[in-house]
Amino acid sequence: MNIAVRDVQNIEVESDVRLAVSISGALDKPVIVFSNSLAASSGMWDEVTERLGPHACLVRYDTRGHGRSDAPINGYTIETLGKDVLAVLDTLEIPRAVVCGVSLGGLTAMWLGIHASDRISGLVLANTAANFPPESMWRDRAATARSSGVSSFVQPSLERWVTSGYRDKHESRVLELAAMIAGTSSAGYAGCCEVLATTNVLPDLSRISCSVRVIAGRHDPSTPPARAEEIVAAITQADLVTLDAAHMSSVEAPDAFAETVRDVLKLNNTNR
């Protein structure tokens, strides 16, 4: 397979909406697409992609409304987020890929496994859930983001993302994560909060037919291991790995996270 573009800054996924996309790693290896969490960007994958470079073709993108991608005022649904990934794959002429997502990115990956099985060769679903009740919490967060911006979410998000022990030992990285949150578009944050408020893929998870690895964080207050177990119970071929991390396990436990991803890639080494 030949990938059309080595490095792309902007891919148009619909009229007037462009996503920031980067490609790295080994172009002759299986493709893995990384989908970020709410209030993050593709920079959340730095630790993991450093470890995976020789093993895969790495496609990272900023979810609409996040990072360097465009942030439309309206139009955020789980279907839209999933179709954004398909548009990226189409532009890069990638027929099939493994998709790895954390939290909101994991929800996007589940939607793709359900609705675009011909394009998805495997899933890594990390620190995520099939639904995110209560709806009222996300509606309130969306309203706050639209009225006051996202600054009030920075510290609470950091406390959920990584443990206090990690924060004490990795000050520079924590500052980067804080800047990532603070730099999120108010419209993008609010729109994706509404996706989390309204999406429930649990009834359809049994339709996923590819290989699935679910990652839980032992100290994750947002999507605790019980939520990961719920996904595993619903997908016949899914299994679970629990890491010593909070919500952002790709940052806090990158060695174990990357090893888990490599296992999935080995299963898909011929799915080109």
# chains A, B, ... in the order shown; residues from 1 in each chain; ligands from 1
>>> residues_around(residues="A:Thr80", least_positions_apart="6", cutoff="10 Å", atoms="only C-alpha atoms", output="PyMOL selection string")
chain A and resi 13-14+64+86+108+195
>>> write_last_selection(atoms="N, CA, C and O atoms", output="mmCIF file, in the first residue's frame")
data_model
loop_
_atom_site.group_PDB
_atom_site.id
_atom_site.type_symbol
_atom_site.label_atom_id
_atom_site.label_comp_id
_atom_site.auth_asym_id
_atom_site.auth_seq_id
_atom_site.Cartn_x
_atom_site.Cartn_y
_atom_site.Cartn_z
ATOM 1 N N VAL A 13 -12.437 17.568 5.845
ATOM 2 C CA VAL A 13 -13.326 16.439 6.110
ATOM 3 C C VAL A 13 -14.771 16.755 5.736
ATOM 4 O O VAL A 13 -15.585 15.844 5.560
ATOM 5 N N GLU A 14 -15.094 18.018 5.653
ATOM 6 C CA GLU A 14 -16.347 18.490 5.087
ATOM 7 C C GLU A 14 -16.142 19.939 4.702
ATOM 8 O O GLU A 14 -15.097 20.523 5.013
ATOM 9 N N ARG A 64 -12.033 17.434 15.662
ATOM 10 C CA ARG A 64 -12.601 18.759 15.364
ATOM 11 C C ARG A 64 -12.895 19.505 16.665
ATOM 12 O O ARG A 64 -13.379 18.943 17.652
ATOM 13 N N LEU A 86 -12.985 8.582 8.839
ATOM 14 C CA LEU A 86 -13.096 7.948 7.526
ATOM 15 C C LEU A 86 -12.635 8.898 6.411
ATOM 16 O O LEU A 86 -11.990 8.461 5.448
ATOM 17 N N THR A 108 -15.406 7.343 19.798
ATOM 18 C CA THR A 108 -15.336 7.463 18.342
ATOM 19 C C THR A 108 -14.896 6.149 17.715
ATOM 20 O O THR A 108 -15.457 5.701 16.698
ATOM 21 N N VAL A 195 -21.677 15.612 22.597
ATOM 22 C CA VAL A 195 -21.537 14.245 22.090
ATOM 23 C C VAL A 195 -21.536 13.254 23.248
ATOM 24 O O VAL A 195 -22.237 12.230 23.229
#
>>> select_by_dssp(residues="stretch 111-239 of chain A", states="alpha helix (DSSP H)", output="ChimeraX atom specification")
/A:111-115,135-148,154-161,164-169,171-182,186-198,225-234
>>> closest_atom_pairs(of="stretch 107-168 of chain A", to="stretch 249-255 of chain A", cutoff="12 Å", atoms="only C-alpha atoms", output="tab-separated table")
residue	atom	partner	partner_atom	distance
A:Val124	CA	A:Ser250	CA	11.4
A:Leu125	CA	A:Ser249	CA	11.3
A:Ala126	CA	A:Ser249	CA	7.7
A:Asn127	CA	A:Ser249	CA	7.3
A:Thr128	CA	A:Ser249	CA	10.9
A:Leu158	CA	A:Val251	CA	11.8
A:Arg160	CA	A:Ser249	CA	10.9
A:Trp161	CA	A:Ser249	CA	8.0
A:Val162	CA	A:Glu252	CA	6.5
A:Thr163	CA	A:Glu252	CA	8.2
A:Ser164	CA	A:Glu252	CA	11.0
A:Gly165	CA	A:Glu252	CA	10.0
A:Tyr166	CA	A:Glu252	CA	7.0
A:Arg167	CA	A:Glu252	CA	9.6
>>> closest_residue(among="A:Trp138, A:Arg173, A:Ala233, A:Gly82", to="A:Gly101", atoms="only C-alpha atoms")
A:Gly82
>>> residues_around(residues="A:Pro134", least_positions_apart="2", cutoff="12 Å", atoms="only C-alpha atoms", output="number ranges by chain")
A: 131-132, 136-141, 193-194, 196-200
>>> write_last_selection(atoms="C-alpha atoms", output="compact mmCIF listing (two decimals), in the first residue's frame")
# COMPACT_ATOMS: atom_id res chain seq x y z
CA ASN A 131 -21.92 5.97 27.47
CA PHE A 132 -21.16 8.85 29.82
CA SER A 136 -26.90 17.02 32.78
CA MET A 137 -23.22 17.21 33.77
CA TRP A 138 -22.10 17.46 30.16
CA ARG A 139 -24.83 19.96 29.30
CA ASP A 140 -23.65 22.12 32.21
CA ARG A 141 -20.02 21.89 31.09
CA CYS A 193 -19.43 17.62 25.68
CA GLU A 194 -22.77 17.33 23.94
CA LEU A 196 -20.70 12.67 25.44
CA ALA A 197 -24.08 13.74 26.82
CA THR A 198 -26.10 12.06 24.09
CA THR A 199 -24.17 9.02 22.86
CA ASN A 200 -24.81 5.45 23.98
